[in-house]
>>> print(open('coords-v6.txt').read())   # compact mmCIF, C-alpha atoms and all ligand atoms
# COMPACT_ATOMS: atom_id res chain seq x y z
CA MET K 1 35.91 -52.12 -36.81
CA ARG K 2 37.00 -49.55 -39.37
CA PRO K 3 34.77 -49.44 -42.47
CA PHE K 4 35.73 -47.83 -45.77
CA PHE K 5 32.74 -46.38 -47.61
CA VAL K 6 32.81 -45.84 -51.38
CA ILE K 7 30.29 -43.75 -53.29
CA GLY K 8 30.33 -42.34 -56.83
CA THR K 9 26.91 -40.99 -57.78
CA ARG K 10 23.88 -39.12 -56.44
CA PRO K 11 21.81 -42.14 -55.33
CA GLU K 12 24.77 -43.68 -53.50
CA ILE K 13 25.20 -40.54 -51.40
CA ILE K 14 21.52 -40.72 -50.42
CA LYS K 15 21.43 -44.46 -49.71
CA MET K 16 24.79 -44.62 -47.92
CA ALA K 17 23.97 -41.67 -45.63
CA PRO K 18 22.02 -43.73 -43.03
CA LEU K 19 25.10 -45.96 -42.56
CA LEU K 20 27.27 -42.88 -42.00
CA TRP K 21 24.68 -41.49 -39.53
CA TYR K 22 24.95 -44.75 -37.59
CA CYS K 23 28.75 -44.59 -37.52
CA ASP K 24 28.64 -40.97 -36.34
CA LYS K 25 26.14 -41.85 -33.61
CA MET K 26 28.16 -44.86 -32.41
CA GLU K 27 31.50 -43.01 -32.81
CA ILE K 28 32.79 -45.57 -35.31
CA ASP K 29 35.77 -44.20 -37.21
CA TYR K 30 35.54 -44.63 -41.00
CA PHE K 31 37.09 -43.59 -44.31
CA PHE K 32 34.79 -42.02 -46.89
CA LEU K 33 35.79 -42.04 -50.56
CA HIS K 34 34.01 -40.45 -53.54
CA THR K 35 35.11 -41.67 -56.97
CA GLY K 36 33.89 -38.39 -58.50
CA GLN K 37 31.78 -40.09 -61.19
CA HIS K 38 29.17 -37.45 -60.41
CA TYR K 39 30.80 -34.07 -59.96
CA SER K 40 28.37 -31.26 -60.84
CA GLN K 41 27.33 -29.32 -57.74
CA PHE K 42 23.68 -30.39 -58.16
CA MET K 43 24.58 -34.10 -58.68
CA SER K 44 27.10 -34.38 -55.85
CA ASP K 45 28.12 -31.70 -53.32
CA SER K 46 24.64 -30.39 -52.58
CA PHE K 47 23.71 -33.85 -51.31
CA PHE K 48 26.27 -33.86 -48.48
CA LYS K 49 24.48 -30.91 -46.97
CA ASP K 50 20.98 -32.22 -47.63
CA MET K 51 21.89 -35.59 -46.07
CA SER K 52 23.81 -34.00 -43.14
CA ILE K 53 26.97 -36.02 -43.77
CA ARG K 54 30.58 -34.89 -43.92
CA SER K 55 32.38 -34.28 -47.21
CA PRO K 56 34.38 -37.27 -48.46
CA ASP K 57 37.91 -37.76 -47.08
CA LYS K 58 39.08 -38.32 -50.64
CA ASN K 59 37.61 -37.49 -54.04
CA LEU K 60 39.24 -39.33 -56.96
CA SER K 61 37.64 -36.95 -59.50
CA ILE K 62 37.37 -39.67 -62.16
CA GLY K 63 34.66 -37.70 -64.00
CA SER K 64 32.80 -38.87 -67.09
CA GLY K 65 34.00 -41.37 -69.69
CA THR K 66 33.34 -44.77 -71.17
CA GLN K 67 32.38 -47.65 -68.91
CA ALA K 68 35.93 -49.03 -68.89
CA GLU K 69 37.53 -45.62 -68.40
CA GLN K 70 35.38 -44.84 -65.36
CA THR K 71 35.79 -48.30 -63.84
CA ALA K 72 39.53 -48.50 -64.42
CA ARG K 73 40.30 -44.98 -63.13
CA ALA K 74 38.29 -45.65 -59.99
CA MET K 75 39.90 -49.07 -59.41
CA ILE K 76 43.40 -47.63 -59.53
CA GLY K 77 42.55 -44.81 -57.13
CA ILE K 78 40.62 -47.02 -54.72
CA GLU K 79 43.34 -49.67 -54.61
CA LYS K 80 45.88 -47.05 -53.62
CA GLU K 81 43.71 -45.70 -50.80
CA LEU K 82 42.89 -49.21 -49.56
CA MET K 83 46.57 -50.14 -49.36
CA GLU K 84 47.20 -47.06 -47.24
CA ASP K 85 44.09 -47.26 -45.06
CA GLN K 86 43.94 -51.06 -44.50
CA PRO K 87 40.23 -51.05 -43.49
CA ASP K 88 38.35 -54.04 -42.04
CA VAL K 89 35.58 -53.88 -44.63
CA VAL K 90 34.73 -51.98 -47.81
CA LEU K 91 31.09 -50.98 -48.14
CA VAL K 92 29.49 -50.30 -51.50
CA GLN K 93 25.86 -49.59 -52.34
CA GLY K 94 23.91 -50.46 -55.48
CA ASP K 95 25.09 -51.08 -59.02
CA THR K 96 27.16 -48.21 -60.39
CA ASN K 97 30.68 -48.30 -61.80
CA ALA K 98 31.97 -47.10 -58.41
CA VAL K 99 30.52 -50.24 -56.83
CA LEU K 100 32.20 -52.64 -59.24
CA SER K 101 35.54 -50.82 -59.07
CA ALA K 102 35.66 -50.87 -55.28
CA ALA K 103 34.48 -54.46 -55.01
CA ILE K 104 37.15 -55.81 -57.35
CA ALA K 105 39.94 -53.66 -55.91
CA ALA K 106 39.08 -54.73 -52.34
CA ALA K 107 38.50 -58.42 -53.05
CA LYS K 108 41.93 -58.74 -54.67
CA LEU K 109 43.53 -57.11 -51.63
CA HIS K 110 41.67 -59.70 -49.47
CA ILE K 111 39.61 -56.99 -47.81
CA PRO K 112 36.00 -58.12 -47.16
CA VAL K 113 33.39 -56.41 -49.32
CA GLY K 114 29.91 -55.62 -48.00
CA HIS K 115 27.36 -55.08 -50.75
CA VAL K 116 24.41 -53.00 -49.64
CA GLU K 117 21.38 -53.66 -51.90
CA ALA K 118 22.60 -57.07 -53.07
CA GLY K 119 20.63 -59.53 -55.17
CA LEU K 120 18.74 -57.17 -57.49
CA ARG K 121 18.35 -58.44 -61.06
CA SER K 122 16.62 -56.94 -64.10
CA TYR K 123 17.82 -59.76 -66.40
CA ASP K 124 18.35 -56.99 -68.98
CA ILE K 125 21.94 -57.37 -70.12
CA ARG K 126 21.84 -54.09 -72.07
CA MET K 127 22.20 -52.36 -68.71
CA PRO K 128 25.71 -51.64 -67.38
CA GLU K 129 24.16 -51.81 -63.90
CA GLU K 130 23.12 -55.45 -64.38
CA HIS K 131 26.78 -56.43 -64.94
CA ASN K 132 27.96 -54.31 -62.03
CA ARG K 133 25.55 -55.81 -59.52
CA ARG K 134 26.06 -59.43 -60.63
CA LEU K 135 29.85 -59.21 -60.52
CA THR K 136 29.85 -57.37 -57.19
CA ASP K 137 27.56 -59.94 -55.57
CA HIS K 138 29.97 -62.69 -56.53
CA VAL K 139 33.04 -61.11 -54.90
CA SER K 140 31.27 -59.88 -51.74
CA GLN K 141 31.66 -61.47 -48.33
CA PHE K 142 28.58 -59.74 -46.88
CA LEU K 143 25.47 -59.52 -49.04
CA PHE K 144 22.83 -57.20 -47.62
CA ALA K 145 19.71 -58.17 -49.54
CA PRO K 146 16.86 -55.68 -49.13
CA THR K 147 14.11 -58.34 -49.41
CA LYS K 148 13.43 -62.07 -49.24
CA LYS K 149 13.19 -62.11 -53.01
CA SER K 150 16.67 -60.65 -53.51
CA ALA K 151 18.06 -63.12 -50.96
CA GLU K 152 16.47 -66.00 -52.90
CA ILE K 153 18.11 -64.77 -56.10
CA LEU K 154 21.50 -64.74 -54.39
CA ARG K 155 20.99 -68.26 -53.03
CA SER K 156 19.97 -69.52 -56.46
CA GLU K 157 23.22 -68.10 -57.89
CA ASN K 158 25.31 -69.84 -55.21
CA VAL K 159 27.14 -66.70 -54.09
CA TRP K 160 29.85 -67.60 -51.58
CA GLY K 161 29.31 -64.69 -49.16
CA GLU K 162 26.88 -64.48 -46.22
CA ILE K 163 23.36 -63.37 -47.12
CA HIS K 164 21.43 -61.12 -44.71
CA ILE K 165 17.96 -59.67 -45.30
CA THR K 166 18.04 -56.07 -44.06
CA GLY K 167 15.52 -53.88 -45.86
CA ASN K 168 16.69 -50.99 -48.04
CA THR K 169 18.49 -47.95 -46.59
CA ILE K 170 16.48 -45.69 -48.91
CA ILE K 171 13.53 -46.11 -46.54
CA ASP K 172 15.74 -45.00 -43.61
CA ALA K 173 16.91 -42.00 -45.63
CA MET K 174 13.52 -41.02 -46.94
CA GLU K 175 11.57 -41.31 -43.71
CA ASP K 176 14.19 -39.20 -41.92
CA ARG K 177 14.56 -36.50 -44.60
CA LEU K 178 10.88 -36.12 -45.52
CA LYS K 179 10.11 -34.74 -42.05
CA ILE K 180 12.76 -32.05 -42.56
CA ALA K 181 11.73 -31.43 -46.16
CA LYS K 182 8.10 -30.76 -45.25
CA LYS K 183 9.13 -27.87 -42.96
CA ARG K 184 10.76 -26.04 -45.88
CA PRO K 185 9.06 -23.57 -48.21
CA LEU K 186 7.61 -25.12 -51.36
CA PRO K 187 10.06 -25.27 -54.28
CA TYR K 188 9.26 -22.37 -56.63
CA ILE K 189 8.55 -24.62 -59.59
CA ILE K 190 5.41 -26.13 -58.04
CA LYS K 191 4.11 -23.02 -56.23
CA ASP K 192 1.63 -22.11 -58.95
CA LEU K 193 0.76 -25.60 -60.14
CA LYS K 194 -2.52 -27.05 -58.86
CA SER K 195 -1.66 -30.52 -60.04
CA PHE K 196 1.40 -32.01 -61.70
CA VAL K 197 3.20 -35.22 -62.56
CA LEU K 198 6.85 -35.72 -61.53
CA LEU K 199 9.07 -37.04 -64.33
CA THR K 200 12.68 -38.25 -64.16
CA MET K 201 14.67 -40.26 -66.68
CA HIS K 202 18.30 -40.99 -67.32
CA ARG K 203 18.72 -44.70 -68.13
CA ALA K 204 21.24 -45.09 -70.95
CA GLU K 205 18.98 -47.53 -72.82
CA ASN K 206 16.18 -44.90 -72.83
CA VAL K 207 17.95 -41.61 -73.46
CA ASP K 208 20.98 -42.54 -75.58
CA ASP K 209 18.80 -43.88 -78.42
CA LYS K 210 17.15 -41.19 -80.56
CA GLU K 211 14.11 -43.24 -81.54
CA THR K 212 13.39 -44.38 -77.98
CA LEU K 213 13.83 -40.88 -76.55
CA THR K 214 11.63 -39.32 -79.27
CA GLY K 215 8.92 -41.88 -78.46
CA ILE K 216 9.11 -41.08 -74.75
CA VAL K 217 8.82 -37.33 -75.45
CA GLU K 218 5.72 -37.88 -77.60
CA GLY K 219 4.19 -40.27 -75.09
CA VAL K 220 4.71 -37.88 -72.17
CA LEU K 221 3.20 -34.97 -74.16
CA SER K 222 0.14 -37.07 -74.98
CA LEU K 223 -0.65 -37.39 -71.24
CA ASP K 224 -1.72 -33.74 -71.44
CA ARG K 225 -0.70 -32.85 -67.89
CA ASN K 226 1.64 -30.44 -66.14
CA ILE K 227 4.96 -32.24 -65.96
CA VAL K 228 7.75 -31.22 -63.55
CA PHE K 229 10.98 -32.61 -64.92
CA PRO K 230 14.26 -32.16 -62.98
CA ILE K 231 16.51 -33.20 -65.77
CA HIS K 232 19.59 -35.43 -65.38
CA PRO K 233 22.71 -34.08 -67.18
CA ARG K 234 22.86 -37.16 -69.40
CA THR K 235 19.30 -36.52 -70.59
CA ILE K 236 19.62 -32.79 -71.31
CA LYS K 237 22.71 -33.59 -73.37
CA ARG K 238 20.75 -36.11 -75.47
CA LEU K 239 17.63 -33.92 -75.82
CA ASN K 240 19.88 -31.18 -77.20
CA GLU K 241 21.82 -33.56 -79.46
CA PHE K 242 18.58 -35.02 -80.91
CA ASN K 243 16.92 -31.56 -81.25
CA LEU K 244 14.05 -32.55 -78.99
CA ILE K 245 14.02 -29.65 -76.52
CA ASP K 246 11.71 -27.38 -78.53
CA ARG K 247 9.26 -30.19 -79.19
CA PHE K 248 9.20 -31.18 -75.51
CA THR K 249 8.60 -27.66 -74.26
CA SER K 250 6.36 -26.51 -77.14
CA ARG K 251 3.06 -26.86 -75.25
CA GLY K 252 4.25 -25.11 -72.12
CA SER K 253 3.11 -27.99 -69.92
CA VAL K 254 6.56 -29.53 -69.45
CA HIS K 255 8.60 -27.63 -66.84
CA LEU K 256 12.25 -28.52 -67.33
CA ILE K 257 14.49 -27.69 -64.37
CA GLU K 258 18.00 -28.60 -63.27
CA PRO K 259 18.32 -31.61 -60.95
CA ILE K 260 17.34 -30.55 -57.46
CA GLY K 261 18.56 -31.30 -53.96
CA TYR K 262 17.08 -34.19 -52.02
CA LEU K 263 14.89 -32.16 -49.65
CA ASP K 264 13.24 -30.18 -52.45
CA PHE K 265 12.91 -33.34 -54.50
CA LEU K 266 11.05 -35.15 -51.70
CA ASN K 267 8.75 -32.17 -51.30
CA ILE K 268 7.92 -32.22 -54.99
CA MET K 269 7.49 -35.99 -55.00
CA SER K 270 5.11 -35.96 -52.08
CA ARG K 271 2.88 -33.36 -53.76
CA SER K 272 2.82 -34.97 -57.20
CA GLU K 273 -0.26 -36.68 -58.63
CA PHE K 274 1.93 -39.61 -59.68
CA ILE K 275 5.51 -40.30 -60.77
CA LEU K 276 6.81 -41.27 -64.18
CA THR K 277 10.40 -42.50 -64.08
CA ASP K 278 13.10 -44.94 -65.11
CA SER K 279 14.99 -44.41 -61.84
CA GLY K 280 15.74 -47.30 -59.53
CA GLY K 281 15.70 -45.44 -56.22
CA ILE K 282 12.48 -43.57 -56.96
CA GLN K 283 10.62 -46.88 -57.42
CA GLU K 284 11.65 -47.72 -53.84
CA GLU K 285 10.99 -44.28 -52.37
CA ALA K 286 7.44 -44.37 -53.69
CA THR K 287 6.78 -47.36 -51.38
CA ALA K 288 7.87 -45.64 -48.14
CA PRO K 289 4.86 -45.40 -45.81
CA SER K 290 5.07 -41.61 -45.59
CA MET K 291 5.22 -41.31 -49.41
CA ASN K 292 2.96 -44.09 -50.76
CA LYS K 293 2.84 -42.82 -54.37
CA LYS K 294 1.95 -44.51 -57.61
CA VAL K 295 4.97 -44.80 -59.87
CA PHE K 296 4.88 -45.69 -63.57
CA VAL K 297 8.17 -47.23 -64.67
CA MET K 298 9.18 -46.28 -68.21
CA ARG K 299 11.21 -49.41 -68.83
CA THR K 300 10.64 -52.90 -70.15
CA SER K 301 11.96 -54.55 -66.98
CA THR K 302 12.60 -53.79 -63.34
CA GLU K 303 14.98 -55.14 -60.73
CA ARG K 304 12.44 -53.97 -58.14
CA PRO K 305 9.54 -56.45 -58.63
CA GLU K 306 8.61 -56.01 -54.95
CA ALA K 307 7.31 -52.50 -55.72
CA VAL K 308 5.16 -53.96 -58.52
CA ASP K 309 3.83 -56.74 -56.26
CA SER K 310 2.94 -54.22 -53.55
CA GLY K 311 0.92 -52.18 -56.07
CA HIS K 312 3.12 -49.06 -55.95
CA ALA K 313 4.79 -49.54 -59.33
CA THR K 314 3.57 -50.48 -62.80
CA VAL K 315 6.09 -51.19 -65.54
CA VAL K 316 4.64 -49.45 -68.60
CA GLY K 317 7.43 -49.77 -71.19
CA VAL K 318 8.54 -47.02 -73.57
CA ASP K 319 6.22 -47.52 -76.55
CA PRO K 320 4.40 -44.17 -77.06
CA ASN K 321 1.37 -45.99 -78.47
CA ARG K 322 1.03 -48.02 -75.31
CA PHE K 323 2.47 -46.45 -72.16
CA PRO K 324 0.23 -43.33 -72.00
CA ARG K 325 -2.86 -45.53 -72.40
CA ILE K 326 -1.83 -47.83 -69.52
CA ILE K 327 -1.16 -44.81 -67.30
CA LEU K 328 -4.45 -43.07 -68.08
CA GLU K 329 -6.41 -46.28 -67.49
CA GLU K 330 -4.80 -46.73 -64.07
CA VAL K 331 -5.37 -43.07 -63.21
CA LYS K 332 -9.07 -43.53 -64.05
CA LYS K 333 -9.28 -46.47 -61.66
CA GLY K 334 -7.84 -44.28 -58.86
CA LEU K 335 -4.28 -43.96 -57.59
CA VAL K 336 -4.65 -43.82 -53.84
CA SER K 337 -4.83 -47.02 -51.84
CA GLU K 338 -3.39 -48.73 -48.79
CA ARG K 339 -0.18 -50.50 -49.75
CA LYS K 340 2.52 -52.16 -47.69
CA CYS K 341 6.15 -51.06 -48.05
CA PRO K 342 8.23 -54.05 -49.20
CA TYR K 343 11.63 -52.51 -48.38
CA GLY K 344 11.68 -52.63 -44.60
CA ASN K 345 10.89 -50.41 -41.64
CA GLY K 346 13.56 -47.71 -41.98
CA ARG K 347 16.13 -49.51 -39.80
CA ALA K 348 18.19 -51.20 -42.52
CA ALA K 349 21.37 -49.25 -41.76
CA GLU K 350 21.32 -50.16 -38.10
CA ARG K 351 20.82 -53.84 -38.99
CA ILE K 352 23.70 -53.79 -41.50
CA MET K 353 26.12 -52.12 -39.11
CA GLN K 354 25.21 -54.43 -36.24
CA ILE K 355 25.83 -57.49 -38.42
CA LEU K 356 29.25 -56.11 -39.33
CA LEU K 357 30.10 -55.24 -35.71
CA ASN K 358 29.23 -58.81 -34.69
CA ARG K 359 31.13 -60.45 -37.52
CA LEU K 360 34.32 -58.41 -37.71
C1 LIG Y 401 25.13 -43.30 -63.35
C2 LIG Y 401 25.05 -44.81 -63.07
C3 LIG Y 401 23.59 -45.22 -62.97
C4 LIG Y 401 22.85 -44.39 -61.94
C5 LIG Y 401 23.05 -42.90 -62.22
C6 LIG Y 401 22.45 -42.10 -61.10
C7 LIG Y 401 26.75 -46.33 -64.00
C8 LIG Y 401 27.05 -47.26 -65.11
N1 LIG Y 401 25.64 -45.57 -64.18
O1 LIG Y 401 24.52 -43.05 -64.60
O2 LIG Y 401 23.50 -46.59 -62.60
O3 LIG Y 401 21.48 -44.71 -62.00
O4 LIG Y 401 24.45 -42.61 -62.30
O5 LIG Y 401 22.10 -40.81 -61.50
O6 LIG Y 401 27.48 -46.26 -63.05
N2 LIG Y 401 27.22 -35.68 -66.12
C9 LIG Y 401 27.38 -34.35 -65.74
N3 LIG Y 401 27.63 -34.08 -64.41
C10 LIG Y 401 27.73 -35.04 -63.49
C11 LIG Y 401 27.60 -36.37 -63.88
C12 LIG Y 401 27.34 -36.67 -65.21
O7 LIG Y 401 27.28 -33.45 -66.54
O8 LIG Y 401 27.96 -34.73 -62.31
C13 LIG Y 401 26.90 -35.99 -67.55
C14 LIG Y 401 28.13 -36.25 -68.40
O9 LIG Y 401 27.87 -35.76 -69.67
C15 LIG Y 401 28.18 -37.78 -68.44
C16 LIG Y 401 26.71 -38.16 -68.38
O10 LIG Y 401 26.10 -37.17 -67.57
O11 LIG Y 401 28.80 -38.27 -69.58
C17 LIG Y 401 26.44 -39.54 -67.80
O12 LIG Y 401 27.05 -39.66 -66.51
P1 LIG Y 401 27.54 -41.08 -65.97
O13 LIG Y 401 28.01 -40.94 -64.58
O14 LIG Y 401 28.45 -41.75 -66.93
O15 LIG Y 401 26.24 -41.97 -65.98
P2 LIG Y 401 24.79 -41.69 -65.38
O16 LIG Y 401 23.83 -41.68 -66.52
O17 LIG Y 401 24.82 -40.53 -64.48
N1 LIG Y 402 16.79 -37.28 -56.80
C1 LIG Y 402 17.07 -36.01 -56.30
N2 LIG Y 402 16.96 -34.94 -57.16
C2 LIG Y 402 16.60 -35.08 -58.47
C3 LIG Y 402 16.33 -36.38 -58.95
C4 LIG Y 402 16.45 -37.46 -58.11
O1 LIG Y 402 17.38 -35.84 -55.12
O2 LIG Y 402 16.54 -34.07 -59.17
C5 LIG Y 402 16.98 -38.45 -55.91
C6 LIG Y 402 15.79 -39.37 -55.79
O3 LIG Y 402 14.94 -38.99 -54.74
C7 LIG Y 402 16.43 -40.73 -55.53
C8 LIG Y 402 17.75 -40.62 -56.24
O4 LIG Y 402 17.99 -39.25 -56.48
O5 LIG Y 402 16.71 -40.92 -54.15
C9 LIG Y 402 17.66 -41.39 -57.52
O6 LIG Y 402 18.74 -41.12 -58.30
P1 LIG Y 402 18.79 -41.55 -59.84
O7 LIG Y 402 17.40 -41.65 -60.37
O8 LIG Y 402 19.72 -40.60 -60.49
O9 LIG Y 402 19.50 -42.96 -59.79
P2 LIG Y 402 19.00 -44.47 -59.68
O10 LIG Y 402 18.24 -44.61 -58.42
O11 LIG Y 402 18.21 -44.78 -60.90
O12 LIG Y 402 20.27 -45.24 -59.66
>>> encode(input="coords-v6.txt", output="structure tokens", more="lines below")
Ligand code: UD1
Ligand code: UDP
Amino acid sequence: MRPFFVIGTRPEIIKMAPLLWYCDKMEIDYFFLHTGQHYSQFMSDSFFKDMSIRSPDKNLSIGSGTQAEQTARAMIGIEKELMEDQPDVVLVQGDTNAVLSAAIAAAKLHIPVGHVEAGLRSYDIRMPEEHNRRLTDHVSQFLFAPTKKSAEILRSENVWGEIHITGNTIIDAMEDRLKIAKKRPLPYIIKDLKSFVLLTMHRAENVDDKETLTGIVEGVLSLDRNIVFPIHPRTIKRLNEFNLIDRFTSRGSVHLIEPIGYLDFLNIMSRSEFILTDSGGIQEEATAPSMNKKVFVMRTSTERPEAVDSGHATVVGVDPNRFPRIILEEVKKGLVSERKCPYGNGRAAERIMQILLNRL
């Protein structure tokens, strides 16, 4: 079996890595394509080293652009590579534009698509990701649902592909990398901080709207805590555009830094008091047994209800008059407790690859 892996952004590199580790271990030959949607050193290349995977065989360098520009450029490039490589299966992970582009290009060439992390739904149609994951699920032959709940969603939508419950590869990645991360020196940004909250945000519906972003800034400041904020390039662009940088940093408690590599990020996450985020992957990482952190989700919906049910995540919205209050009330009640990880036992990649080896 010769798989063809497609990635385009930071989280896909992290979540696809365990599948590449398995291929390397089993000496399975594969093609590895990067669409180049993420291209800055700290959003792309640094992750190949941190995840101990090889550099992509091909980078399409599609760069930034509108939704259609990114999707179309990637589709054209992927189709060309697929026609040359003739793989047995195309593997995509998650819900980015890279995922949709590869899925459509492959399906029309009659190459089976395997969708890793299938069946997630936020039911928020403002999100480009919601369209990407729905459309991809409906052209995939192999649907690797992380949980029973995501498998049920797929069944209820009558997808035609095979549904397999596998767990989420983020748990494989995190459990493996955290051990390495903990042996490293502490990232400089947290060396002198006794206690801090980790913040990340980049969702288009949060940061592209001035009023929403201003509200989030005010709400975060009202928490009155040290905040470590590795800032996504989309977000720094908007904070500058909306003249919010000075306000955000005015009290000296918000420590803005560039996005950081995975190992340093895990180190920071594991030492944080709690996490405030609109990220998808971070909601899952917080549930890994070796992490077990409380995560407050600054969104009005989540496609990860399992993390809410397990007690790791609370969806707090983006209203500055409401979300800080919910957070502070939960903090008062206490953040540490025994919780069960809903996303598997860290062997999702092995399960996915074995299913493919049996079926192809
Ligand atoms: C994309 C994904 C999102 C995912 C996120 C992970 C889609 C629709 N969105 O969102 O699902 O959660 O990646 O982080 O696929 N930029 C840089 N350097 C980079 C990449 C981006 O400076 O390496 C800046 C550019 O100004 C760009 C902006 O960030 O316009 C947004 O990048 P883009 O890839 O379009 O979307 P993300 O917000 O990163
Ligand atoms: N992450 C990282 N460095 C950072 C911020 C995030 O390594 O500065 C990791 C994080 O641990 C998670 C992934 O990037 O695994 C999440 O990416 P992001 O939030 O950009 O995307 P999403 O998961 O929302 O699609």
>>> atom_distance(input="coords-v6.txt", atom1="atom CA of K:Tyr343", atom2="atom CA of K:Val99")
20.8 Å
>>> atom_distance(input="coords-v6.txt", atom1="atom N1 of ligand LIG 401 (chain Y)", atom2="atom CA of K:Val6")
14.7 Å
>>> residues_around(input="coords-v6.txt", residues="K:Val116", least_positions_apart="2", cutoff="6 Å", atoms="all atoms listed in the file", output="list in words")
Gln93, Ala118 and Phe144 of chain K
>>> residues_around(input="coords-v6.txt", residues="K:Ala107", least_positions_apart="3", cutoff="12 Å", atoms="all atoms listed in the file", output="list of chain:residue names")
K:Met75, K:Ile78, K:Glu79, K:Leu82, K:Asp88, K:Val89, K:Val90, K:Leu91, K:Leu100, K:Ser101, K:Ala102, K:Ala103, K:Ile104, K:His110, K:Ile111, K:Pro112, K:Val113, K:Gly114, K:His115, K:Leu135, K:Thr136, K:Asp137, K:His138, K:Val139, K:Ser140, K:Gln141, K:Phe142, K:Gly161
>>> closest_residue(input="coords-v6.txt", among="K:Asn243, K:Ser195, K:Ser301, K:Ser55", to="K:Ile125", atoms="only C-alpha atoms")
K:Ser301
>>> closest_residue(input="coords-v6.txt", among="K:Leu60, K:Met127, K:Ala106, K:Thr166", to="K:Glu350", atoms="all atoms listed in the file")
K:Thr166
>>> decode(input="coords-v6.txt", residues="stretch 182-203 of chain K", atoms="C-alpha atoms", output="PDB file, in the first residue's frame")
ATOM      1  CA  LYS K 182       9.664  17.972  29.734  1.00  0.00           C
ATOM      2  CA  LYS K 183      13.398  17.219  29.442  1.00  0.00           C
ATOM      3  CA  ARG K 184      14.024  20.608  27.806  1.00  0.00           C
ATOM      4  CA  PRO K 185      14.838  23.849  29.613  1.00  0.00           C
ATOM      5  CA  LEU K 186      11.813  25.996  30.434  1.00  0.00           C
ATOM      6  CA  PRO K 187      10.857  28.453  27.688  1.00  0.00           C
ATOM      7  CA  TYR K 188      12.213  31.890  28.666  1.00  0.00           C
ATOM      8  CA  ILE K 189       8.791  33.514  28.684  1.00  0.00           C
ATOM      9  CA  ILE K 190       7.556  31.536  31.693  1.00  0.00           C
ATOM     10  CA  LYS K 191      10.831  31.375  33.666  1.00  0.00           C
ATOM     11  CA  ASP K 192       9.950  34.279  35.939  1.00  0.00           C
ATOM     12  CA  LEU K 193       6.197  33.771  36.108  1.00  0.00           C
ATOM     13  CA  LYS K 194       4.869  32.066  39.234  1.00  0.00           C
ATOM     14  CA  SER K 195       1.470  31.511  37.710  1.00  0.00           C
ATOM     15  CA  PHE K 196       0.010  32.236  34.288  1.00  0.00           C
ATOM     16  CA  VAL K 197      -2.834  31.494  31.916  1.00  0.00           C
ATOM     17  CA  LEU K 198      -2.116  30.252  28.371  1.00  0.00           C
ATOM     18  CA  LEU K 199      -4.087  32.075  25.670  1.00  0.00           C
ATOM     19  CA  THR K 200      -4.376  31.281  21.955  1.00  0.00           C
ATOM     20  CA  MET K 201      -6.877  32.558  19.412  1.00  0.00           C
ATOM     21  CA  HIS K 202      -7.101  32.699  15.659  1.00  0.00           C
ATOM     22  CA  ARG K 203     -10.627  31.725  14.569  1.00  0.00           C
TER      23      ARG K 203
END
